[in-house]
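Student: Sharing target-v4.txt below, compact mmCIF, C-alpha atoms:
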# COMPACT_ATOMS: atom_id res chain seq x y z
CA MET Z 1 83.48 81.17 148.51
CA THR Z 2 86.08 83.60 149.77
CA THR Z 3 85.27 87.28 150.06
CA PRO Z 4 87.07 88.20 146.79
CA GLU Z 5 85.23 85.40 145.00
CA VAL Z 6 81.89 86.67 146.31
CA ALA Z 7 82.74 90.18 145.10
CA SER Z 8 83.78 88.85 141.71
CA THR Z 9 80.61 86.81 141.37
CA ALA Z 10 78.51 89.81 142.36
CA ALA Z 11 80.27 91.98 139.77
CA SER Z 12 79.79 89.35 137.06
CA LEU Z 13 76.13 89.00 137.94
CA ARG Z 14 75.71 92.76 137.89
CA ASP Z 15 77.35 92.94 134.46
CA ALA Z 16 75.16 90.15 133.13
CA ILE Z 17 71.98 91.81 134.34
CA ARG Z 18 73.06 95.18 132.96
CA SER Z 19 73.99 93.75 129.58
CA SER Z 20 70.48 92.39 129.18
CA ASP Z 21 68.87 95.68 130.16
CA LEU Z 22 67.99 97.53 126.95
CA ARG Z 23 68.46 100.92 128.58
CA LEU Z 24 71.69 100.24 130.49
CA SER Z 25 73.56 97.82 128.24
CA LYS Z 26 75.10 100.71 126.30
CA PHE Z 27 76.69 102.07 129.48
CA ASN Z 28 79.60 100.92 131.59
CA PRO Z 29 78.68 102.24 135.04
CA LEU Z 30 80.46 101.77 138.33
CA SER Z 31 78.87 99.44 140.85
CA ARG Z 32 76.28 101.87 142.23
CA ILE Z 33 74.14 103.76 139.74
CA LEU Z 34 73.09 107.04 141.31
CA THR Z 35 71.06 108.42 138.42
CA PHE Z 36 69.77 107.30 135.03
CA ASP Z 37 68.14 109.88 132.78
CA ASP Z 38 66.80 109.15 129.31
CA PHE Z 39 64.60 112.27 129.16
CA ASN Z 40 61.49 110.45 128.09
CA GLU Z 41 59.95 111.28 131.47
CA GLY Z 42 61.00 114.85 132.00
CA ALA Z 43 64.31 116.58 132.68
CA HIS Z 44 65.02 114.42 135.76
CA GLY Z 45 66.57 117.16 137.83
CA TRP Z 46 68.76 118.63 135.10
CA VAL Z 47 68.11 122.33 135.53
CA GLU Z 48 69.53 125.63 134.39
CA LEU Z 49 72.57 126.61 136.42
CA GLY Z 50 71.50 129.62 138.43
CA GLY Z 51 73.52 132.38 140.00
CA ASN Z 52 73.43 133.38 143.64
CA TYR Z 53 71.01 136.18 144.53
CA ASN Z 54 70.58 138.24 147.66
CA GLY Z 55 67.92 138.06 150.34
CA ARG Z 56 65.53 140.12 148.23
CA GLY Z 57 65.96 138.08 145.05
CA ASP Z 58 67.43 141.07 143.21
CA LEU Z 59 68.60 140.35 139.68
CA ASP Z 60 71.41 142.84 140.10
CA SER Z 61 72.84 140.84 142.99
CA MET Z 62 73.69 137.96 140.67
CA ASP Z 63 76.94 137.75 138.74
CA GLU Z 64 76.12 139.08 135.29
CA HIS Z 65 77.64 136.05 133.59
CA PHE Z 66 75.52 133.76 135.78
CA ARG Z 67 72.15 135.29 134.90
CA ASP Z 68 71.35 133.64 131.60
CA PHE Z 69 72.34 129.96 131.35
CA ARG Z 70 68.98 129.18 129.70
CA PRO Z 71 66.42 126.59 130.72
CA PRO Z 72 67.13 123.16 129.19
CA MET Z 73 64.31 121.81 127.04
CA LEU Z 74 62.95 118.41 126.13
CA SER Z 75 63.54 118.10 122.40
CA ASN Z 76 62.09 115.77 119.82
CA GLN Z 77 64.71 117.20 117.42
CA ASN Z 78 62.28 118.83 115.08
CA PHE Z 79 64.06 120.04 111.93
CA PHE Z 80 63.04 121.97 108.85
CA ASP Z 81 64.11 119.26 106.38
CA VAL Z 82 63.19 115.95 107.98
CA GLY Z 83 60.64 116.85 110.64
CA THR Z 84 61.00 114.95 113.89
CA HIS Z 85 64.37 113.25 114.16
CA GLY Z 86 63.74 111.77 117.63
CA ALA Z 87 66.40 110.73 120.10
CA MET Z 88 68.65 107.77 120.83
CA THR Z 89 66.16 106.33 123.28
CA GLY Z 90 62.55 107.16 122.55
CA THR Z 91 61.48 110.47 121.10
CA TYR Z 92 63.02 112.95 123.53
CA SER Z 93 66.44 114.14 124.56
CA LEU Z 94 67.56 117.04 126.72
CA LYS Z 95 68.63 120.06 124.69
CA LEU Z 96 70.85 122.91 125.86
CA ALA Z 97 70.62 125.90 123.55
CA THR Z 98 72.66 129.09 123.50
CA ARG Z 99 71.57 132.46 122.28
CA LYS Z 100 72.86 133.90 119.02
CA ALA Z 101 75.52 135.87 120.84
CA ALA Z 102 79.28 135.30 120.86
CA GLY Z 103 80.37 133.89 124.18
CA HIS Z 104 76.93 132.96 125.42
CA THR Z 105 76.83 129.73 127.41
CA SER Z 106 73.94 127.42 128.20
CA THR Z 107 74.44 125.21 131.23
CA ALA Z 108 72.38 122.44 132.84
CA ILE Z 109 73.34 121.00 136.20
CA ARG Z 110 72.29 117.99 138.30
CA ARG Z 111 72.59 118.30 142.06
CA LEU Z 112 73.33 115.45 144.48
CA THR Z 113 75.48 114.87 147.53
CA MET Z 114 78.05 112.15 148.22
CA SER Z 115 77.39 109.26 150.55
CA GLY Z 116 80.91 107.93 150.13
CA ARG Z 117 84.32 108.62 148.65
CA GLY Z 118 86.00 106.93 145.73
CA LEU Z 119 85.46 106.65 142.01
CA LEU Z 120 82.71 108.76 140.51
CA GLN Z 121 81.69 108.65 136.87
CA ILE Z 122 79.35 110.33 134.42
CA GLU Z 123 78.45 108.69 131.12
CA ALA Z 124 76.32 110.13 128.40
CA TYR Z 125 75.36 109.80 124.80
CA ILE Z 126 75.64 113.24 123.29
CA ALA Z 127 75.29 115.15 120.06
CA TRP Z 128 76.14 118.76 119.26
CA LYS Z 129 74.89 120.96 116.47
CA GLY Z 130 74.85 124.46 115.11
CA GLU Z 131 71.49 125.91 114.20
CA ALA Z 132 70.33 125.33 110.65
CA ASN Z 133 70.22 128.47 108.53
CA LEU Z 134 67.61 129.21 105.89
CA GLY Z 135 68.16 131.91 103.32
CA GLY Z 136 70.84 134.52 102.89
CA GLY Z 137 73.31 134.95 100.11
CA GLU Z 138 76.39 133.09 98.95
CA GLU Z 139 78.13 134.09 102.19
CA ALA Z 140 75.94 131.56 104.02
CA ASN Z 141 77.93 128.77 102.38
CA THR Z 142 81.18 129.62 104.14
CA TYR Z 143 82.17 130.07 107.75
CA GLY Z 144 85.74 129.98 108.98
CA ASP Z 145 87.47 126.85 107.79
CA ILE Z 146 84.43 125.32 106.11
CA SER Z 147 82.89 126.08 102.75
CA TRP Z 148 79.94 123.93 101.85
CA ASP Z 149 80.99 121.10 99.53
CA ALA Z 150 78.08 118.72 100.02
CA ASN Z 151 80.23 116.97 102.61
CA SER Z 152 81.21 119.52 105.26
CA HIS Z 153 78.69 122.17 106.32
CA PRO Z 154 79.51 125.69 107.58
CA THR Z 155 77.41 125.21 110.73
CA GLU Z 156 80.03 122.76 111.98
CA ALA Z 157 82.51 125.65 112.12
CA GLN Z 158 79.89 127.71 113.98
CA PHE Z 159 79.91 125.34 116.95
CA GLY Z 160 82.16 126.55 119.75
CA ALA Z 161 82.55 124.06 122.59
CA PHE Z 162 80.82 121.75 125.01
CA THR Z 163 81.98 120.98 128.53
CA VAL Z 164 81.37 118.26 131.09
CA ALA Z 165 82.31 119.12 134.65
CA THR Z 166 81.73 118.64 138.35
CA ASP Z 167 81.25 120.90 141.32
CA LEU Z 168 82.37 118.91 144.37
CA ASP Z 169 83.05 119.74 147.99
CA HIS Z 170 83.99 117.56 150.89
CA ASP Z 171 85.98 117.85 154.08
CA GLY Z 172 86.09 121.61 153.60
CA ILE Z 173 87.63 121.61 150.13
CA ARG Z 174 85.74 122.55 146.97
CA TYR Z 175 86.94 121.70 143.47
CA HIS Z 176 85.89 121.12 139.86
CA ASN Z 177 86.83 118.40 137.41
CA VAL Z 178 86.44 119.89 133.94
CA MET Z 179 86.88 118.62 130.39
CA ARG Z 180 85.93 120.60 127.29
CA PHE Z 181 85.67 119.70 123.64
CA GLN Z 182 86.77 122.82 121.79
CA ASN Z 183 85.36 122.42 118.31
CA ALA Z 184 86.25 125.75 116.72
CA ASP Z 185 87.58 129.17 117.66
CA GLU Z 186 85.82 132.52 117.44
CA ASN Z 187 86.71 132.76 113.75
CA GLY Z 188 85.35 129.34 112.86
CA ARG Z 189 88.77 127.75 112.61
CA ILE Z 190 88.43 124.07 113.40
CA ILE Z 191 90.25 122.93 116.56
CA GLN Z 192 88.48 119.75 117.73
CA LYS Z 193 90.64 119.08 120.75
CA TRP Z 194 90.02 118.34 124.41
CA MET Z 195 91.10 120.94 126.90
CA TYR Z 196 90.94 121.66 130.61
CA PRO Z 197 91.25 124.75 132.86
CA THR Z 198 94.21 125.20 135.16
CA VAL Z 199 92.36 127.49 137.58
CA ALA Z 200 89.27 127.13 139.72
CA GLU Z 201 86.02 128.65 138.49
CA PRO Z 202 85.37 132.21 139.73
CA THR Z 203 82.57 132.10 142.28
CA PRO Z 204 79.77 134.49 143.22
CA HIS Z 205 81.29 134.75 146.69
CA GLU Z 206 84.51 136.05 145.16
CA ARG Z 207 82.51 138.69 143.29
CA PHE Z 208 80.81 139.60 146.55
CA GLU Z 209 84.27 140.13 148.01
CA GLY Z 210 85.15 142.40 145.09
CA LYS Z 211 87.67 140.06 143.51
CA HIS Z 212 86.02 140.05 140.07
CA ASP Z 213 83.00 141.29 138.15
CA TYR Z 214 82.66 139.57 134.79
CA GLY Z 215 80.47 140.57 131.86
CA ARG Z 216 77.52 138.73 130.44
CA TYR Z 217 79.32 136.58 127.87
CA THR Z 218 82.31 135.60 129.97
CA ASP Z 219 83.43 131.97 129.95
CA PHE Z 220 82.25 131.22 133.48
CA THR Z 221 84.29 128.03 133.84
CA ALA Z 222 87.61 129.84 133.40
CA PRO Z 223 87.35 133.36 131.92
CA ASN Z 224 90.95 133.77 130.75
CA PRO Z 225 91.76 131.76 127.58
CA ASP Z 226 95.35 131.49 128.86
CA ASP Z 227 94.03 129.38 131.74
CA TRP Z 228 93.06 126.56 129.38
CA THR Z 229 95.42 123.81 128.25
CA TYR Z 230 94.96 121.27 125.48
CA LEU Z 231 94.97 117.68 126.65
CA ASN Z 232 97.12 116.73 123.67
CA ASP Z 233 97.78 117.74 120.08
CA VAL Z 234 95.55 115.10 118.60
CA ARG Z 235 92.49 116.24 116.69
CA GLN Z 236 89.42 114.52 118.10
CA GLU Z 237 87.51 113.65 114.99
CA ALA Z 238 83.81 113.01 115.38
CA CYS Z 239 80.60 112.46 113.49
CA TYR Z 240 78.92 115.83 113.04
CA ASN Z 241 77.52 114.16 109.95
CA GLU Z 242 77.67 116.81 107.28
CA VAL Z 243 74.60 118.93 108.09
CA PRO Z 244 73.00 120.33 111.26
CA THR Z 245 69.92 118.15 111.02
CA LYS Z 246 71.47 114.67 110.99
CA VAL Z 247 72.07 113.58 114.55
CA ASN Z 248 74.51 110.84 115.50
CA TRP Z 249 75.05 110.04 119.15
CA HIS Z 250 78.53 109.85 120.69
CA TYR Z 251 79.52 108.05 123.86
CA LEU Z 252 81.24 110.11 126.55
CA ARG Z 253 82.59 108.83 129.88
CA PHE Z 254 84.37 110.98 132.48
CA LEU Z 255 85.86 109.17 135.47
CA ILE Z 256 87.20 110.92 138.56
CA ASP Z 257 88.32 109.95 142.07
CA THR Z 258 86.93 111.94 144.97
CA THR Z 259 89.27 110.26 147.47
CA THR Z 260 92.25 111.91 145.82
CA ARG Z 261 90.28 114.82 144.29
CA SER Z 262 91.73 113.91 140.92
CA ASN Z 263 90.82 113.15 137.35
CA VAL Z 264 91.20 109.56 136.14
CA GLU Z 265 90.20 109.20 132.51
CA LEU Z 266 88.03 110.41 129.68
CA GLN Z 267 86.51 108.18 127.05
CA PHE Z 268 85.02 109.50 123.82
CA ASN Z 269 83.70 106.73 121.62
CA ASN Z 270 86.68 104.43 121.03
CA ASP Z 271 89.31 106.82 122.38
CA THR Z 272 90.28 106.72 126.05
CA TYR Z 273 92.57 109.36 127.55
CA ASP Z 274 94.55 109.13 130.77
CA LEU Z 275 93.72 112.23 132.83
CA SER Z 276 95.81 111.44 135.89
CA HIS Z 277 98.10 114.40 135.11
CA VAL Z 278 95.24 116.83 134.51
CA PRO Z 279 95.03 119.21 137.47
CA VAL Z 280 91.95 119.75 139.61
CA PRO Z 281 92.58 123.15 141.17
CA PRO Z 282 90.93 123.40 144.61
CA TYR Z 283 89.67 126.60 146.19
CA ALA Z 284 91.97 127.95 148.88
CA GLU Z 285 88.96 129.21 150.80
CA LYS Z 286 86.55 126.94 152.63
CA TYR Z 287 82.96 127.16 151.41
CA GLU Z 288 80.12 126.83 153.89
CA SER Z 289 76.84 125.11 153.12
CA LEU Z 290 78.36 122.76 150.53
CA GLU Z 291 79.56 119.73 152.47
CA SER Z 292 79.47 116.57 150.29
CA LEU Z 293 78.32 118.61 147.28
CA LEU Z 294 78.09 116.38 144.20
CA ASN Z 295 77.12 118.26 141.06
CA PHE Z 296 77.67 117.46 137.43
CA TYR Z 297 77.04 119.96 134.66
CA PHE Z 298 77.09 120.08 130.90
CA SER Z 299 77.50 123.36 129.10
CA VAL Z 300 77.61 124.53 125.50
CA ARG Z 301 79.27 127.78 124.44
CA THR Z 302 78.96 129.61 121.16
CA LEU Z 303 81.76 131.88 119.98
CA GLY Z 304 79.83 133.64 117.25
CA PRO Z 305 76.33 134.98 116.53
CA HIS Z 306 74.98 131.46 116.10
CA ARG Z 307 72.87 129.26 118.35
CA ASN Z 308 74.74 126.17 119.49
CA PHE Z 309 72.97 123.08 120.77
CA LEU Z 310 74.05 120.18 122.96
CA PHE Z 311 71.76 117.14 123.14
CA LEU Z 312 71.92 114.51 125.91
CA ASP Z 313 70.34 111.05 125.75
CA SER Z 314 70.95 109.30 128.09
CA VAL Z 315 73.04 110.24 131.15
CA VAL Z 316 74.23 107.86 133.90
CA ILE Z 317 76.04 108.93 137.08
CA SER Z 318 77.60 106.09 139.07
CA ALA Z 319 80.00 105.54 141.96
CA ASP Z 320 81.98 102.69 143.46
CA TRP Z 321 81.03 103.38 147.07
CA MET S 1 51.21 112.02 137.11
CA ARG S 2 51.55 114.62 134.38
CA GLU S 3 55.00 115.87 133.36
CA SER S 4 55.54 119.60 133.76
CA GLN S 5 58.19 122.25 133.37
CA SER S 6 58.52 125.90 134.28
CA ALA S 7 61.09 127.70 132.17
CA VAL S 8 62.33 131.16 133.06
CA ILE S 9 62.63 132.29 129.47
CA GLU S 10 63.84 135.78 130.36
CA ARG S 11 65.10 136.58 133.82
CA GLY S 12 65.24 140.30 133.17
CA VAL S 13 65.17 141.83 129.72
CA ASP S 14 64.95 145.49 128.78
CA LEU S 15 62.16 145.93 126.26
CA VAL S 16 63.81 148.39 123.88
CA ASP S 17 61.45 147.95 120.92
CA VAL S 18 60.64 144.39 119.78
CA HIS S 19 61.87 141.31 121.62
CA ASP S 20 61.43 137.66 120.66
CA THR S 21 62.08 134.98 123.26
CA GLU S 22 64.47 132.19 122.34
CA PRO S 23 62.84 129.26 120.49
CA PHE S 24 61.57 126.69 122.97
CA GLU S 25 60.64 123.12 122.07
CA VAL S 26 57.31 122.09 123.54
CA ALA S 27 56.23 119.06 121.50
CA TRP S 28 55.63 116.97 124.63
CA ALA S 29 53.31 119.51 126.27
CA GLY S 30 49.55 119.77 125.88
CA GLU S 31 49.07 123.12 127.52
CA ALA S 32 51.14 126.18 128.23
CA ARG S 33 50.93 129.51 129.95
CA TRP S 34 53.09 132.59 129.63
CA TYR S 35 53.65 134.92 132.56
CA ILE S 36 54.95 138.43 131.99
CA HIS S 37 56.13 140.43 134.98
CA PHE S 38 57.08 144.09 134.64
CA LEU S 39 60.01 144.18 137.07
CA ARG S 40 60.54 147.83 136.20
CA PRO S 41 57.24 149.37 135.16
CA VAL S 42 56.96 152.50 133.03
CA GLU S 43 54.33 155.02 134.03
CA GLY S 44 52.13 155.82 131.03
CA GLY S 45 53.80 153.16 128.87
CA SER S 46 52.19 150.26 127.08
CA ALA S 47 53.28 147.01 125.46
CA GLU S 48 51.93 144.24 123.26
CA PHE S 49 52.55 140.50 123.57
CA ARG S 50 51.98 137.96 120.79
CA VAL S 51 52.20 134.19 121.16
CA GLN S 52 54.00 132.75 118.16
CA ILE S 53 54.35 129.20 116.86
CA SER S 54 56.69 127.44 114.45
CA PRO S 55 57.10 124.09 112.73
CA ASP S 56 60.91 124.18 112.84
CA GLY S 57 62.12 126.84 115.26
CA LEU S 58 63.14 128.99 112.30
CA ASN S 59 59.91 130.24 110.70
CA TRP S 60 57.37 131.87 113.00
CA ILE S 61 53.77 133.03 112.77
CA ASP S 62 51.26 134.36 115.27
CA HIS S 63 49.18 131.72 117.04
CA ASP S 64 45.91 131.68 115.10
CA GLY S 65 43.73 131.34 118.20
CA ILE S 66 45.13 134.00 120.52
CA ASP S 67 44.66 137.74 120.17
CA PRO S 68 47.63 139.92 121.08
CA LEU S 69 47.64 141.10 124.69
CA VAL S 70 47.95 144.89 124.94
CA THR S 71 48.60 146.20 128.41
CA ASP S 72 49.97 149.08 130.42
CA ALA S 73 53.70 148.64 131.03
CA GLN S 74 53.23 147.55 134.61
CA GLY S 75 51.98 144.68 136.71
CA PHE S 76 51.84 140.94 136.20
CA HIS S 77 50.08 139.29 133.26
CA SER S 78 49.39 135.85 131.89
CA ILE S 79 48.43 134.27 128.56
CA PRO S 80 47.08 130.70 128.37
CA VAL S 81 48.02 128.71 125.27
CA ASP S 82 46.88 125.45 123.74
CA ARG S 83 47.07 123.77 120.30
CA PHE S 84 50.53 125.22 119.78
CA GLY S 85 52.42 122.46 117.98
CA HIS S 86 56.11 121.88 118.68
CA TRP S 87 57.66 125.32 119.26
CA LEU S 88 56.67 128.44 121.19
CA ARG S 89 57.99 131.94 121.57
CA LEU S 90 56.62 135.27 122.78
CA ARG S 91 57.02 138.50 120.83
CA SER S 92 56.99 141.60 123.03
CA THR S 93 56.62 145.06 121.51
CA ARG S 94 57.01 148.35 123.32
CA LEU S 95 54.16 150.51 122.07
CA SER S 96 54.64 153.67 124.11
CA GLY S 97 56.36 155.10 127.15
CA ALA S 98 59.31 157.31 127.90
CA ALA S 99 61.53 154.52 129.24
CA GLU S 100 62.23 150.82 128.70
CA PRO S 101 60.39 148.41 130.98
CA LEU S 102 62.24 145.45 132.45
CA LEU S 103 60.49 142.12 131.92
CA ARG S 104 60.66 138.71 133.49
CA ILE S 105 59.01 136.07 131.31
CA TYR S 106 58.06 132.55 132.39
CA LEU S 107 56.77 129.70 130.26
CA GLU S 108 54.85 126.98 132.08
CA LEU S 109 54.30 123.67 130.30
CA LYS S 110 52.23 120.64 131.22
CA GLU S 111 51.32 117.38 129.54
Since I need it in another form, could you write the structure as structure tokens?
Tutor:
Amino acid sequence: MTTPEVASTAASLRDAIRSSDLRLSKFNPLSRILTFDDFNEGAHGWVELGGNYNGRGDLDSMDEHFRDFRPPMLSNQNFFDVGTHGAMTGTYSLKLATRKAAGHTSTAIRRLTMSGRGLLQIEAYIAWKGEANLGGGEEANTYGDISWDANSHPTEAQFGAFTVATDLDHDGIRYHNVMRFQNADENGRIIQKWMYPTVAEPTPHERFEGKHDYGRYTDFTAPNPDDWTYLNDVRQEACYNEVPTKVNWHYLRFLIDTTTRSNVELQFNNDTYDLSHVPVPPYAEKYESLESLLNFYFSVRTLGPHRNFLFLDSVVISADW
Amino acid sequence: MRESQSAVIERGVDLVDVHDTEPFEVAWAGEARWYIHFLRPVEGGSAEFRVQISPDGLNWIDHDGIDPLVTDAQGFHSIPVDRFGHWLRLRSTRLSGAAEPLLRIYLELKE
């Protein structure tokens, strides 16, 4: 066989093996799988995003908006009405939970480095929920755009946003690829659109240099709402499934290219979006100690006094190098 | 090998009066241990800590097998926990003292 034929045969064989693997057949990874996490054996390196602290470990030395991203937890999705819901694979998923505070963000990150350049992809099955509410008066039946009608539930309007993003650095240039599903605004008005930031994330080093000092509930990814742009005007409909205790899993795939430091595409269930025009703003300043940094994070942000949850099961990071 | 997790439930919280930690799901774990560190002690102050459990993360009661820990508002303390079900939280109450102590609270979990 010629070299292209060998490569094609290898790819076909890889696809055939993957399609018969009960855990991987629901994914479409690139040729080299770097990580596979189904959260039935721990958090697999997904950890709370932490801020940078000084040589004494002083809390005050950390950016205030980086101090409280919350530890992710292994969840069996235990609800007041149905008991244990379980996950997509096995009993457990990884749960990111915010506080009941407008603007609070929970963030879990996975830290690797790159051993090559090229296409890089994260896939996940995800679900997002507001926290169930028990009690209260008639006001509990309405929030923002949604009044309970035995179809839609007000907790859906209480969910702010979830984000999938990178933190990458190679050849002296650091950058983030970021995509966010903005579900509702701070008043519970339904948005349900994809968006991306047009600026780089403010860093602890910039705070150290006196360039910023953000408050506790700042949107750490891009603090200024004007620095976010909708991907398009199309409402991304999804399956919240009526109440906060019915969990349906959605497929998410985010493909980027580290060779060109660019976005490629985003897939959400049956919708695939071209991201080649979506900017990836690099930092002008070189960062030390980060060569070949390869981080992915998921975050969930509430915009009201309601806990928001993001569930992950499973997550696959793959590359073509 | 047993699965384990250390969760920094509060990195630094001012204990004004009563503070409940965020609900944490622990169904997979067989044993747990809270650590409470007074990062900013209060001379002459005191505080109480209660381990609480829940079937749903919404309704909470005191753990039936653990007496509340009452301590001076200083130092480093620990509370072992077992037979806790699927959710855990810690209720901290400032009992006395002229100022608010600053707490760091860890939850350690193990299969």
Student: Could you tell me which of Z:His277, Z:His306, Z:Arg261, Z:Arg70 comes closest to chain S if we count only C-alpha atoms?
Tutor: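 Of Z:His277, Z:His306, Z:Arg261, Z:Arg70, the one nearest chain S, counting only C-alpha atoms, is Z:Arg70.
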Student: Within 12 Å of chain Z, which residues of chain S show up when using only C-alpha atoms, listed as a PyMOL selection string?
Tutor: chain S and resi 1-13+20-29+39-40+54-59+85-88+102-104+106-111
Student: Find the spatial neighbours of Phe38 of chain S, counting all atoms listed in the file, within a cut-off of 12 Å - ignore same-chain residues fewer than 3 positions away - and output them as a PyMOL selection string.
Tutor: chain S and resi 10-15+35+41-43+45-47+71-78+92+100-106
Student: Given the point (72.7, 118.8, 141.0) in the coordinates of this file, which residues lie within 8 Å, counting only C-alpha atoms, and how would they look as a list in words?
Tutor: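 Output: Gly45, Trp46, Val47, Ile109, Arg110, Arg111, Leu112, Leu294, Asn295, Phe296 and Tyr297 of chain Z.
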Student: List the spatial neighbours of Asn241 of chain Z as a tab-separated table (two decimals) with C-alpha atoms, in the coordinates of the input - criterion: any atom at most 10 Å away, all atoms listed in the file, same-chain residues fewer than 6 positions off excluded.
Tutor:
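The resulting file, part-v6.tsv, is reproduced below:
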chain	number	residue	atom	x	y	z
Z	129	LYS	CA	74.89	120.96	116.47
Z	151	ASN	CA	80.23	116.97	102.61
Z	152	SER	CA	81.21	119.52	105.26
Z	153	HIS	CA	78.69	122.17	106.32
Z	156	GLU	CA	80.03	122.76	111.98
Z	247	VAL	CA	72.07	113.58	114.55
Z	248	ASN	CA	74.51	110.84	115.50
Student: Can you measure atom CA of Thr105 of chain Z to atom CA of Leu293 of chain Z for me? One decimal in Å is fine.
Tutor: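 Those two atoms sit 22.8 Å apart.
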Student: Within 12 Å of (42.9, 133.1, 120.3), all atoms listed in the file: residues as a PyMOL selection string?
Tutor: chain S and resi 50-52+62-69+79-84
Student: Work out how far atom CA of Phe298 of chain Z is from atom CA of Leu310 of chain Z, in Å to one decimal.
Tutor: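 It comes out at 8.5 Å.
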Student: Would you mind completing segment 64-76 of chain Z so that it carries N, CA and C atoms, and writing it out as a PDB file, in the coordinates of the input?
Tutor:
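As a result, rebuild39.pdb now contains:
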ATOM      1  N   GLU Z  64      76.751 138.864 136.592  1.00  0.00           N
ATOM      2  CA  GLU Z  64      76.120 139.080 135.290  1.00  0.00           C
ATOM      3  C   GLU Z  64      76.280 137.865 134.375  1.00  0.00           C
ATOM      4  N   HIS Z  65      77.425 137.198 134.467  1.00  0.00           N
ATOM      5  CA  HIS Z  65      77.640 136.050 133.590  1.00  0.00           C
ATOM      6  C   HIS Z  65      76.999 134.776 134.123  1.00  0.00           C
ATOM      7  N   PHE Z  66      76.261 134.901 135.236  1.00  0.00           N
ATOM      8  CA  PHE Z  66      75.520 133.760 135.780  1.00  0.00           C
ATOM      9  C   PHE Z  66      74.011 133.945 135.641  1.00  0.00           C
ATOM     10  N   ARG Z  67      73.579 134.965 134.906  1.00  0.00           N
ATOM     11  CA  ARG Z  67      72.150 135.290 134.900  1.00  0.00           C
ATOM     12  C   ARG Z  67      71.373 134.615 133.782  1.00  0.00           C
ATOM     13  N   ASP Z  68      72.060 133.997 132.842  1.00  0.00           N
ATOM     14  CA  ASP Z  68      71.350 133.640 131.600  1.00  0.00           C
ATOM     15  C   ASP Z  68      71.855 132.323 131.028  1.00  0.00           C
ATOM     16  N   PHE Z  69      71.854 131.264 131.832  1.00  0.00           N
ATOM     17  CA  PHE Z  69      72.340 129.960 131.350  1.00  0.00           C
ATOM     18  C   PHE Z  69      71.260 129.168 130.626  1.00  0.00           C
ATOM     19  N   ARG Z  70      70.080 129.705 130.496  1.00  0.00           N
ATOM     20  CA  ARG Z  70      68.980 129.180 129.700  1.00  0.00           C
ATOM     21  C   ARG Z  70      68.380 127.896 130.268  1.00  0.00           C
ATOM     22  N   PRO Z  71      67.077 127.822 130.272  1.00  0.00           N
ATOM     23  CA  PRO Z  71      66.420 126.590 130.720  1.00  0.00           C
ATOM     24  C   PRO Z  71      66.624 125.469 129.694  1.00  0.00           C
ATOM     25  N   PRO Z  72      67.043 124.272 130.143  1.00  0.00           N
ATOM     26  CA  PRO Z  72      67.130 123.160 129.190  1.00  0.00           C
ATOM     27  C   PRO Z  72      65.726 122.770 128.744  1.00  0.00           C
ATOM     28  N   MET Z  73      65.638 122.191 127.550  1.00  0.00           N
ATOM     29  CA  MET Z  73      64.310 121.810 127.040  1.00  0.00           C
ATOM     30  C   MET Z  73      64.309 120.366 126.573  1.00  0.00           C
ATOM     31  N   LEU Z  74      63.127 119.763 126.658  1.00  0.00           N
ATOM     32  CA  LEU Z  74      62.950 118.410 126.130  1.00  0.00           C
ATOM     33  C   LEU Z  74      62.702 118.537 124.637  1.00  0.00           C
ATOM     34  N   SER Z  75      63.579 117.915 123.856  1.00  0.00           N
ATOM     35  CA  SER Z  75      63.540 118.100 122.400  1.00  0.00           C
ATOM     36  C   SER Z  75      63.176 116.801 121.704  1.00  0.00           C
ATOM     37  N   ASN Z  76      62.308 116.916 120.705  1.00  0.00           N
ATOM     38  CA  ASN Z  76      62.090 115.770 119.820  1.00  0.00           C
ATOM     39  C   ASN Z  76      62.921 115.933 118.533  1.00  0.00           C
TER      40      ASN Z  76
END
